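Source file: target04.txt; contents: compact mmCIF, C-alpha atoms.
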```txt
# COMPACT_ATOMS: atom_id res chain seq x y z
CA MET A 1 -264.70 50.05 -191.99
CA ILE A 2 -267.00 51.77 -189.56
CA SER A 3 -265.39 52.94 -186.36
CA PHE A 4 -267.25 53.76 -183.22
CA ILE A 5 -265.23 56.51 -181.67
CA PHE A 6 -267.99 58.29 -179.82
CA LEU A 7 -269.19 57.87 -176.28
CA LEU A 8 -272.71 56.56 -176.04
CA VAL A 9 -275.09 58.10 -173.54
CA GLY A 10 -275.62 55.36 -171.06
CA ILE A 11 -274.19 56.22 -167.68
CA GLU A 12 -275.68 54.07 -164.98
CA PHE A 13 -276.83 55.55 -161.65
CA ASN A 14 -274.70 53.61 -159.14
CA PHE A 15 -271.43 54.36 -160.94
CA ALA A 16 -272.46 57.96 -161.64
CA ALA A 17 -273.41 58.49 -157.98
CA ASP A 18 -269.87 57.69 -156.85
CA PRO A 19 -267.57 57.54 -159.88
CA ILE A 20 -264.37 57.73 -157.84
CA ALA A 21 -265.36 54.73 -155.71
CA ALA A 22 -266.44 52.76 -158.81
CA SER A 23 -263.21 53.60 -160.59
CA ARG A 24 -260.99 52.50 -157.70
CA VAL A 25 -262.93 49.30 -157.03
CA LEU A 26 -262.56 48.16 -160.63
CA GLU A 27 -258.91 49.16 -160.68
CA GLU A 28 -257.79 47.72 -157.34
CA PHE A 29 -259.95 44.78 -156.36
CA GLN A 30 -258.39 41.35 -156.48
CA THR A 31 -261.28 38.95 -156.39
CA VAL A 32 -263.76 37.56 -158.87
CA LEU A 33 -265.65 40.69 -159.83
CA ARG A 34 -268.91 40.13 -161.68
CA ILE A 35 -270.74 43.06 -163.22
CA ILE A 36 -274.42 43.22 -163.99
CA THR A 37 -274.77 46.21 -166.27
CA PHE A 38 -277.77 48.48 -166.71
CA GLU A 39 -278.22 47.19 -170.26
CA LEU A 40 -278.47 43.58 -169.07
CA THR A 41 -281.22 44.60 -166.66
CA CYS A 42 -283.03 46.40 -169.49
CA MET A 43 -283.07 43.08 -171.33
CA SER A 44 -284.52 41.35 -168.28
CA THR A 45 -287.63 43.36 -167.46
CA ILE A 46 -290.73 41.85 -165.88
CA SER A 47 -293.73 42.20 -168.18
CA TYR A 48 -296.67 44.28 -166.95
CA GLU A 49 -298.92 41.36 -167.80
CA ILE A 50 -297.15 39.01 -165.39
CA LEU A 51 -297.04 41.72 -162.74
CA GLU A 52 -300.68 42.66 -163.04
CA SER A 53 -302.24 39.26 -163.60
CA GLU A 54 -300.05 37.05 -161.40
CA MET A 55 -297.95 38.94 -158.88
CA LEU A 56 -299.73 42.09 -157.68
CA PRO A 57 -303.14 40.42 -157.06
CA LEU A 58 -301.60 38.23 -154.36
CA LYS A 59 -301.65 41.28 -152.08
CA SER A 60 -305.36 40.68 -151.47
CA ASN A 61 -304.50 37.63 -149.37
CA PRO A 62 -304.22 39.12 -145.85
CA ALA A 63 -301.88 36.32 -144.80
CA ASN A 64 -299.38 37.14 -147.55
CA ARG A 65 -297.40 40.03 -146.03
CA LYS A 66 -294.65 39.71 -148.65
CA ALA A 67 -297.06 40.24 -151.53
CA ARG A 68 -298.51 43.28 -149.79
CA LEU A 69 -295.07 44.78 -149.24
CA PHE A 70 -294.11 44.02 -152.84
CA ALA A 71 -297.24 45.67 -154.21
CA GLU A 72 -297.12 48.79 -152.04
CA VAL A 73 -293.42 49.48 -152.58
CA SER A 74 -293.35 48.59 -156.30
CA GLN A 75 -296.25 50.72 -157.50
CA PHE A 76 -294.19 53.92 -157.66
CA LEU A 77 -291.54 52.27 -159.87
CA ILE A 78 -294.19 50.63 -162.05
CA ASP A 79 -295.84 54.03 -162.57
CA PHE A 80 -292.44 55.55 -163.35
CA THR A 81 -291.55 52.95 -165.97
CA LYS A 82 -295.01 53.27 -167.54
CA SER A 83 -294.48 57.02 -167.81
CA CYS A 84 -291.43 56.37 -170.01
CA GLU A 85 -293.56 55.34 -172.97
CA THR A 86 -291.36 57.12 -175.48
CA ASN A 87 -288.17 55.53 -174.15
CA PRO A 88 -287.78 52.10 -175.74
CA GLU A 89 -285.01 51.21 -173.28
CA LEU A 90 -287.26 51.63 -170.26
CA TYR A 91 -290.77 50.94 -171.57
CA THR A 92 -290.68 47.17 -171.79
CA GLY A 93 -291.91 46.29 -168.32
CA LEU A 94 -290.64 46.69 -164.79
CA ASN A 95 -286.87 47.01 -164.70
CA SER A 96 -285.80 45.82 -161.28
CA CYS A 97 -282.04 46.22 -161.80
CA ASP A 98 -280.86 44.93 -158.45
CA SER A 99 -283.03 41.82 -158.73
CA VAL A 100 -281.13 40.73 -161.82
CA CYS A 101 -277.89 41.05 -159.87
CA MET A 102 -279.30 39.17 -156.88
CA ALA A 103 -280.63 36.35 -159.08
CA CYS A 104 -277.06 35.80 -160.36
CA VAL A 105 -275.79 35.78 -156.76
CA LEU A 106 -278.37 33.24 -155.62
CA ASP A 107 -278.15 30.91 -158.61
CA GLU A 108 -275.06 31.13 -160.78
CA THR A 109 -276.63 28.75 -163.29
CA ILE A 110 -278.85 31.56 -164.59
CA ILE A 111 -275.74 33.12 -166.13
CA ASN A 112 -275.76 32.08 -169.79
CA GLU A 113 -272.78 34.14 -170.90
CA LYS A 114 -270.09 36.25 -169.30
CA LYS A 115 -267.10 37.97 -170.84
CA HIS A 116 -263.72 38.39 -169.21
CA VAL A 117 -262.48 41.84 -170.13
CA TYR A 118 -260.59 44.80 -168.80
CA ALA A 119 -263.00 47.53 -167.76
CA CYS A 120 -262.48 50.89 -166.09
CA VAL A 121 -264.62 53.78 -164.98
CA GLU A 122 -264.11 57.46 -165.78
CA PRO A 123 -263.65 59.00 -162.32
CA PHE A 124 -263.82 62.71 -163.16
CA GLY A 125 -265.35 65.15 -165.58
CA LYS A 126 -268.60 66.95 -166.21
CA LEU A 127 -269.93 64.73 -168.97
CA ALA A 128 -268.59 61.25 -168.59
CA SER A 129 -267.80 60.64 -164.90
CA GLY A 130 -269.16 57.21 -163.96
CA HIS A 131 -269.03 55.96 -167.53
CA MET A 132 -267.67 52.42 -167.75
CA ILE A 133 -265.32 51.63 -170.60
CA SER A 134 -265.21 47.95 -171.47
CA ASP A 135 -262.20 47.05 -173.57
CA TRP A 136 -263.80 44.27 -175.63
CA TYR A 137 -260.95 44.10 -178.15
CA GLY A 138 -257.93 44.51 -175.87
CA HIS A 139 -256.91 48.00 -177.01
CA PHE A 140 -255.55 48.83 -173.56
CA LYS A 141 -253.37 45.69 -173.46
CA ARG A 142 -254.48 45.10 -169.88
CA GLU A 143 -255.35 41.82 -168.22
CA SER A 144 -259.05 41.24 -167.68
CA ASN A 145 -260.25 42.46 -164.29
CA VAL A 146 -263.98 41.82 -164.50
CA GLU A 147 -266.54 39.36 -165.75
CA ILE A 148 -269.32 41.24 -167.49
CA ILE A 149 -272.49 39.19 -167.55
CA THR A 150 -273.99 39.56 -171.00
CA ASP A 151 -276.87 37.06 -170.98
CA ILE A 152 -279.03 35.35 -168.38
CA ASP A 153 -281.75 32.70 -168.46
CA LYS A 154 -284.90 34.85 -168.32
CA GLU A 155 -287.16 31.98 -167.23
CA LYS A 156 -284.96 31.12 -164.27
CA PHE A 157 -284.71 34.80 -163.37
CA LEU A 158 -288.49 35.15 -163.37
CA LYS A 159 -288.81 32.08 -161.18
CA ILE A 160 -286.51 33.60 -158.55
CA PHE A 161 -288.17 37.02 -158.89
CA ARG A 162 -291.54 35.44 -158.12
CA LEU A 163 -290.20 34.52 -154.68
CA CYS A 164 -290.90 38.17 -153.78
CA VAL A 165 -294.60 37.37 -153.56
CA GLU A 166 -294.68 33.66 -152.78
CA GLU A 167 -295.50 32.66 -149.24
CA MET B 1 -273.84 15.95 -147.57
CA ALA B 2 -275.86 19.15 -147.35
CA GLN B 3 -274.50 22.00 -149.41
CA SER B 4 -272.92 24.70 -147.28
CA PRO B 5 -274.95 27.92 -147.21
CA LEU B 6 -274.18 30.98 -149.27
CA GLU B 7 -272.50 33.45 -146.90
CA LEU B 8 -273.83 36.77 -148.11
CA VAL B 9 -273.56 40.44 -147.28
CA ILE B 10 -275.63 42.94 -149.24
CA ASP B 11 -274.44 46.52 -149.59
CA THR B 12 -277.53 48.47 -150.57
CA ASP B 13 -279.02 51.93 -151.10
CA PRO B 14 -282.54 50.83 -150.22
CA GLY B 15 -284.70 51.82 -153.14
CA ILE B 16 -287.49 49.84 -154.78
CA ASP B 17 -285.36 47.42 -156.80
CA ASP B 18 -283.12 46.89 -153.77
CA CYS B 19 -286.28 45.91 -151.90
CA HIS B 20 -287.03 43.27 -154.55
CA ALA B 21 -283.47 41.95 -154.51
CA ILE B 22 -283.39 41.64 -150.72
CA MET B 23 -286.84 40.00 -150.67
CA MET B 24 -285.47 37.41 -153.10
CA ALA B 25 -282.42 36.76 -150.94
CA LEU B 26 -284.55 36.48 -147.80
CA SER B 27 -286.83 33.99 -149.56
CA TYR B 28 -284.15 31.83 -151.16
CA PRO B 29 -283.11 28.58 -149.48
CA ASN B 30 -279.70 28.03 -147.94
CA VAL B 31 -278.62 31.66 -147.77
CA ASN B 32 -276.99 33.08 -144.66
CA ILE B 33 -277.32 36.87 -144.74
CA LEU B 34 -274.62 38.11 -142.38
CA GLY B 35 -275.55 41.76 -142.60
CA LEU B 36 -276.97 44.58 -144.67
CA SER B 37 -274.74 47.62 -145.08
CA ILE B 38 -276.48 50.79 -146.13
CA VAL B 39 -275.08 53.40 -148.48
CA THR B 40 -276.40 56.67 -149.85
CA GLY B 41 -277.73 56.41 -153.38
CA ASN B 42 -281.36 56.07 -154.37
CA THR B 43 -282.21 57.91 -151.17
CA SER B 44 -280.56 59.43 -148.09
CA ILE B 45 -278.75 57.25 -145.58
CA ASP B 46 -281.44 57.89 -142.93
CA ASN B 47 -284.26 56.94 -145.31
CA GLY B 48 -282.31 53.87 -146.39
CA ILE B 49 -281.91 52.70 -142.80
CA ARG B 50 -285.64 53.21 -142.15
CA ASN B 51 -286.60 51.38 -145.35
CA ILE B 52 -284.47 48.37 -144.59
CA HIS B 53 -286.00 48.09 -141.11
CA TYR B 54 -289.48 48.27 -142.62
CA LEU B 55 -288.54 45.40 -144.91
CA LEU B 56 -286.88 43.24 -142.25
CA HIS B 57 -289.79 43.79 -139.84
CA THR B 58 -292.22 42.60 -142.51
CA PHE B 59 -290.17 39.41 -142.82
CA ASN B 60 -289.89 39.21 -139.04
CA ARG B 61 -286.11 38.88 -139.37
CA LYS B 62 -284.53 40.19 -136.19
CA ASP B 63 -281.30 38.27 -136.74
CA ILE B 64 -279.79 40.39 -139.52
CA PRO B 65 -277.71 43.40 -138.42
CA VAL B 66 -277.93 46.68 -140.31
CA PHE B 67 -274.83 48.83 -140.67
CA ARG B 68 -274.85 52.57 -141.34
CA GLY B 69 -272.57 53.49 -144.21
CA ALA B 70 -271.47 56.56 -146.11
CA ASP B 71 -273.89 59.47 -146.16
CA ARG B 72 -272.37 60.87 -149.36
CA ALA B 73 -270.05 59.89 -152.18
CA ILE B 74 -266.25 60.15 -151.96
CA ASP B 75 -266.39 63.52 -153.75
CA GLY B 76 -268.76 64.86 -151.06
CA LEU B 77 -271.85 64.95 -153.27
CA GLN B 78 -275.26 63.46 -152.56
CA LYS B 79 -277.26 62.38 -155.60
CA TYR B 80 -280.64 60.78 -154.98
CA ALA B 81 -283.26 59.41 -157.37
CA PRO B 82 -286.66 60.46 -155.93
CA HIS B 83 -288.26 60.52 -159.39
CA VAL B 84 -287.65 56.76 -159.67
CA HIS B 85 -287.96 55.58 -156.07
CA GLY B 86 -290.11 58.22 -154.34
CA ALA B 87 -289.07 60.81 -151.78
CA ASP B 88 -288.40 58.14 -149.15
CA GLY B 89 -286.78 55.69 -151.59
CA PHE B 90 -289.52 53.12 -150.99
CA GLY B 91 -292.29 54.49 -153.19
CA ASN B 92 -293.38 56.86 -150.38
CA VAL B 93 -294.58 53.89 -148.33
CA THR B 94 -292.43 54.52 -145.25
CA GLU B 95 -293.02 58.29 -145.13
CA GLY B 96 -294.40 59.41 -141.79
CA LYS B 97 -294.42 55.86 -140.37
CA GLN B 98 -293.07 55.10 -136.90
CA ILE B 99 -290.26 52.61 -137.57
CA ASP B 100 -288.19 51.15 -134.75
CA LEU B 101 -284.50 51.07 -135.78
CA ASP B 102 -283.82 48.11 -133.51
CA LEU B 103 -281.48 46.25 -135.87
CA LEU B 104 -279.04 49.11 -136.42
CA SER B 105 -275.52 48.29 -135.25
CA ASP B 106 -273.04 50.79 -133.81
CA GLU B 107 -270.38 49.44 -136.16
CA PRO B 108 -269.80 51.58 -139.28
CA ALA B 109 -270.53 49.76 -142.53
CA ALA B 110 -267.00 49.78 -143.95
CA VAL B 111 -265.61 48.41 -140.65
CA ALA B 112 -268.28 45.69 -140.61
CA LEU B 113 -267.48 44.74 -144.22
CA VAL B 114 -263.79 44.39 -143.34
CA ARG B 115 -264.59 42.28 -140.26
CA LEU B 116 -267.10 40.01 -142.01
CA ALA B 117 -264.69 39.43 -144.90
CA ARG B 118 -261.92 38.48 -142.44
CA GLU B 119 -264.19 36.20 -140.44
CA ASN B 120 -265.40 34.45 -143.60
CA GLN B 121 -262.18 34.55 -145.57
CA GLY B 122 -262.61 33.07 -149.03
CA GLU B 123 -266.29 32.33 -148.40
CA LEU B 124 -268.02 35.69 -148.28
CA VAL B 125 -270.02 36.82 -151.28
CA LEU B 126 -270.64 40.56 -151.37
CA ALA B 127 -273.54 41.84 -153.44
CA ALA B 128 -273.06 45.55 -154.06
CA ILE B 129 -276.35 46.91 -155.34
CA GLY B 130 -275.79 50.60 -154.57
CA PRO B 131 -272.97 53.07 -155.20
CA LEU B 132 -269.60 51.55 -154.28
CA THR B 133 -268.70 54.05 -151.53
CA ASN B 134 -268.78 51.59 -148.59
CA VAL B 135 -267.03 48.90 -150.61
CA PHE B 136 -264.26 51.31 -151.60
CA LEU B 137 -263.87 52.51 -147.98
CA ALA B 138 -263.54 48.91 -146.77
CA GLN B 139 -260.63 48.41 -149.16
CA ARG B 140 -259.00 51.62 -147.87
CA LEU B 141 -259.28 50.36 -144.28
CA ASP B 142 -257.89 46.94 -145.15
CA PRO B 143 -255.82 46.39 -148.31
CA GLU B 144 -256.54 42.65 -147.98
CA PHE B 145 -260.31 43.21 -148.03
CA SER B 146 -260.94 42.33 -151.66
CA ARG B 147 -258.71 39.25 -151.48
CA ASN B 148 -260.82 37.94 -148.59
CA LEU B 149 -263.97 37.95 -150.72
CA LYS B 150 -265.11 34.94 -152.72
CA TYR B 151 -267.05 37.04 -155.22
CA LEU B 152 -267.99 40.66 -155.55
CA TYR B 153 -271.16 41.11 -157.58
CA ILE B 154 -271.82 44.65 -158.72
CA MET B 155 -275.01 46.04 -160.12
CA GLY B 156 -273.58 48.95 -162.00
CA GLY B 157 -272.13 50.38 -165.10
CA ASN B 158 -273.25 50.86 -168.60
CA CYS B 159 -272.13 48.33 -171.12
CA THR B 160 -271.77 49.02 -174.76
CA VAL B 161 -271.62 45.64 -176.36
CA PRO B 162 -269.18 44.73 -179.14
CA ARG B 163 -269.90 46.36 -182.51
CA PHE B 164 -271.16 49.37 -180.56
CA ASP B 165 -268.26 49.77 -178.19
CA THR B 166 -266.72 53.02 -177.15
CA LEU B 167 -263.26 52.46 -178.58
CA SER B 168 -262.37 52.65 -182.22
CA SER B 169 -262.49 49.26 -183.86
CA LYS B 170 -260.67 50.39 -186.99
```
Will you turn the file into structure tokens for me?
Amino acid sequence: MISFIFLLVGIEFNFAADPIAASRVLEEFQTVLRIITFELTCMSTISYEILESEMLPLKSNPANRKARLFAEVSQFLIDFTKSCETNPELYTGLNSCDSVCMACVLDETIINEKKHVYACVEPFGKLASGHMISDWYGHFKRESNVEIITDIDKEKFLKIFRLCVEE
Amino acid sequence: MAQSPLELVIDTDPGIDDCHAIMMALSYPNVNILGLSIVTGNTSIDNGIRNIHYLLHTFNRKDIPVFRGADRAIDGLQKYAPHVHGADGFGNVTEGKQIDLDLLSDEPAAVALVRLARENQGELVLAAIGPLTNVFLAQRLDPEFSRNLKYLYIMGGNCTVPRFDTLSSK
């Protein structure tokens, strides 16, 4: 039987930026804690076609200040993701990580699947600080402390994301 | 009977995707945004505060207080992401602009989080879309903080899904 005993490269920015804080929050918090992981957001990118044919052009309407703000602020990130052509994880469209999280906050019904597991974050170390370890199979014998969202309704997400440019 | 509004606080490190997320929340019906707490992450705390004002001014929302949060992580380090979000965190759009910081509160972010969670016990939803520094500090100030929250949503963490997980499945 194959065993996966290696650490995958996949540390996400927010946890890596403050691994101690992330570690303590997951360990100590007693509330419903829902996690939107980087990988989920990679599966929920906005296609360049929708951006370029439907969303960005709305900036030309002088009355639509939201669309103008969206277009001017987003261009840098769009250019960045387009520059990642050789990275299949990033080059699928615009990855607006925090939008995926906010869509779940605003409309819980977009959550198709979530898993109750025990998860912790490596607080220290040169190589793996900020890495989240999700105990899918209960190896740690710990009660679940988080709900990891593993699938969302992409259509509903896109509908909420479009609010960024709708008057 | 009308559905009661979503009582929401957003803890953010105002970068480009934060901008999208907050625009969505500002545009969504029946959401009461009680405050925006700013944390260092995608950009510096000062840039983040400027960016969030630029956004709120565009929406003409003068009713949402902005709270200054941690200017570095718990370990003392500052890690920004200018290659993804621009030098100012907002795709270089706010650089050099005169931005009035009229919505900035005197109350530190972690203190505001504690207060808002107490005032809205069991109702407050906290969306943490930056590093968790402010959220952690709130819990240190008040051990009841997390219990006062209805939900804590976190954008963060890598997730290696089953079959590719990080522990041996032998």
(request) Select residues of chain B: the criterion is any atom within 6 Å of an atom of chain A, counting only C-alpha atoms; output as JSON, numbers by chain. (result) {"B": [17, 18, 20, 21, 23, 24, 73, 79, 84, 90, 91, 129, 130, 131, 132, 133, 136, 146, 147, 151, 152, 153, 154, 155, 156, 157, 158, 159, 166, 167, 168, 169, 170]}
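The two atoms in question, atom CA of A:Ser47 and atom CA of A:Asp151, are spaced 17.8 Å apart.
If you count all atoms listed in the file and ignore residues fewer than 3 places along the chain from A:Ile152, what sits within 6 Å of it is Ile110, Ile111 and Asn112 of chain A.
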Expected file contents, prior selection, C-alpha atoms, as a compact mmCIF listing (two decimals), keeping the file's coordinate frame:
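Generated output (part_18.txt):
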```txt
# COMPACT_ATOMS: atom_id res chain seq x y z
CA ILE A 110 -278.85 31.56 -164.59
CA ILE A 111 -275.74 33.12 -166.13
CA ASN A 112 -275.76 32.08 -169.79
```
(message) What does the structure give for the distance between atom CA of B:Ile10 and atom CA of B:Ala128, in Å to one decimal?
(response) 6.1 Å
(request) Enter the distance from atom CA of B:Asp102 to atom CA of B:Ile33, in Å, rounded to one decimal. (result) 17.2 Å
(message) as JSON, numbers by chain, please: the residues near stretch 87-89 of chain B (cut-off 10 Å, only C-alpha atoms, same-chain neighbours under 6 positions excluded).
(response) {"A": [73, 76], "B": [13, 14, 15, 16, 17, 18, 19, 41, 42, 43, 44, 46, 47, 48, 50, 51, 80, 81, 95, 96]}
Deliver the residues from the most recent selection as a file, using C-alpha atoms, as a short mmCIF file (atom, residue, chain, number, x, y, z; two decimals), keeping the file's coordinate frame.
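Dumped to result.cif:
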```
data_model
loop_
_atom_site.label_atom_id
_atom_site.label_comp_id
_atom_site.auth_asym_id
_atom_site.auth_seq_id
_atom_site.Cartn_x
_atom_site.Cartn_y
_atom_site.Cartn_z
CA VAL A 73 -293.42 49.48 -152.58
CA PHE A 76 -294.19 53.92 -157.66
CA ASP B 13 -279.02 51.93 -151.10
CA PRO B 14 -282.54 50.83 -150.22
CA GLY B 15 -284.70 51.82 -153.14
CA ILE B 16 -287.49 49.84 -154.78
CA ASP B 17 -285.36 47.42 -156.80
CA ASP B 18 -283.12 46.89 -153.77
CA CYS B 19 -286.28 45.91 -151.90
CA GLY B 41 -277.73 56.41 -153.38
CA ASN B 42 -281.36 56.07 -154.37
CA THR B 43 -282.21 57.91 -151.17
CA SER B 44 -280.56 59.43 -148.09
CA ASP B 46 -281.44 57.89 -142.93
CA ASN B 47 -284.26 56.94 -145.31
CA GLY B 48 -282.31 53.87 -146.39
CA ARG B 50 -285.64 53.21 -142.15
CA ASN B 51 -286.60 51.38 -145.35
CA TYR B 80 -280.64 60.78 -154.98
CA ALA B 81 -283.26 59.41 -157.37
CA GLU B 95 -293.02 58.29 -145.13
CA GLY B 96 -294.40 59.41 -141.79
#
```
(request) Pick out the residues sitting within 9 Å of B:Arg61, and hand them over as a ChimeraX atom specification; count only C-alpha atoms, and ignore anything fewer than 5 positions along from it in its own chain. (result) /B:26,55-56
(message) For a quick check of your reading of the model, name the residues lying within 6 Å of the coordinate (-262.4, 44.5, -144.3), counting only C-alpha atoms, and write them as a ChimeraX atom specification.
(response) /B:113-115,117,138,142,145
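Residue nearest A:Glu54, chosen from A:Lys141, A:Ala67, A:Cys42, A:Pro123 and counting only C-alpha atoms: A:Ala67.
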(message) I'd like the contact shell of B:Ile99 - 7 Å cut-off, all atoms listed in the file, skipping same-chain residues fewer than 2 positions apart - returned as a list in words.
(response) Arg50, Tyr54, Lys97 and Leu101 of chain B
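For the choices A:Gly125, A:Ile46, A:Leu158, A:His116, the atom-to-atom distance to A:Arg142 is smallest for A:His116 when using only C-alpha atoms.
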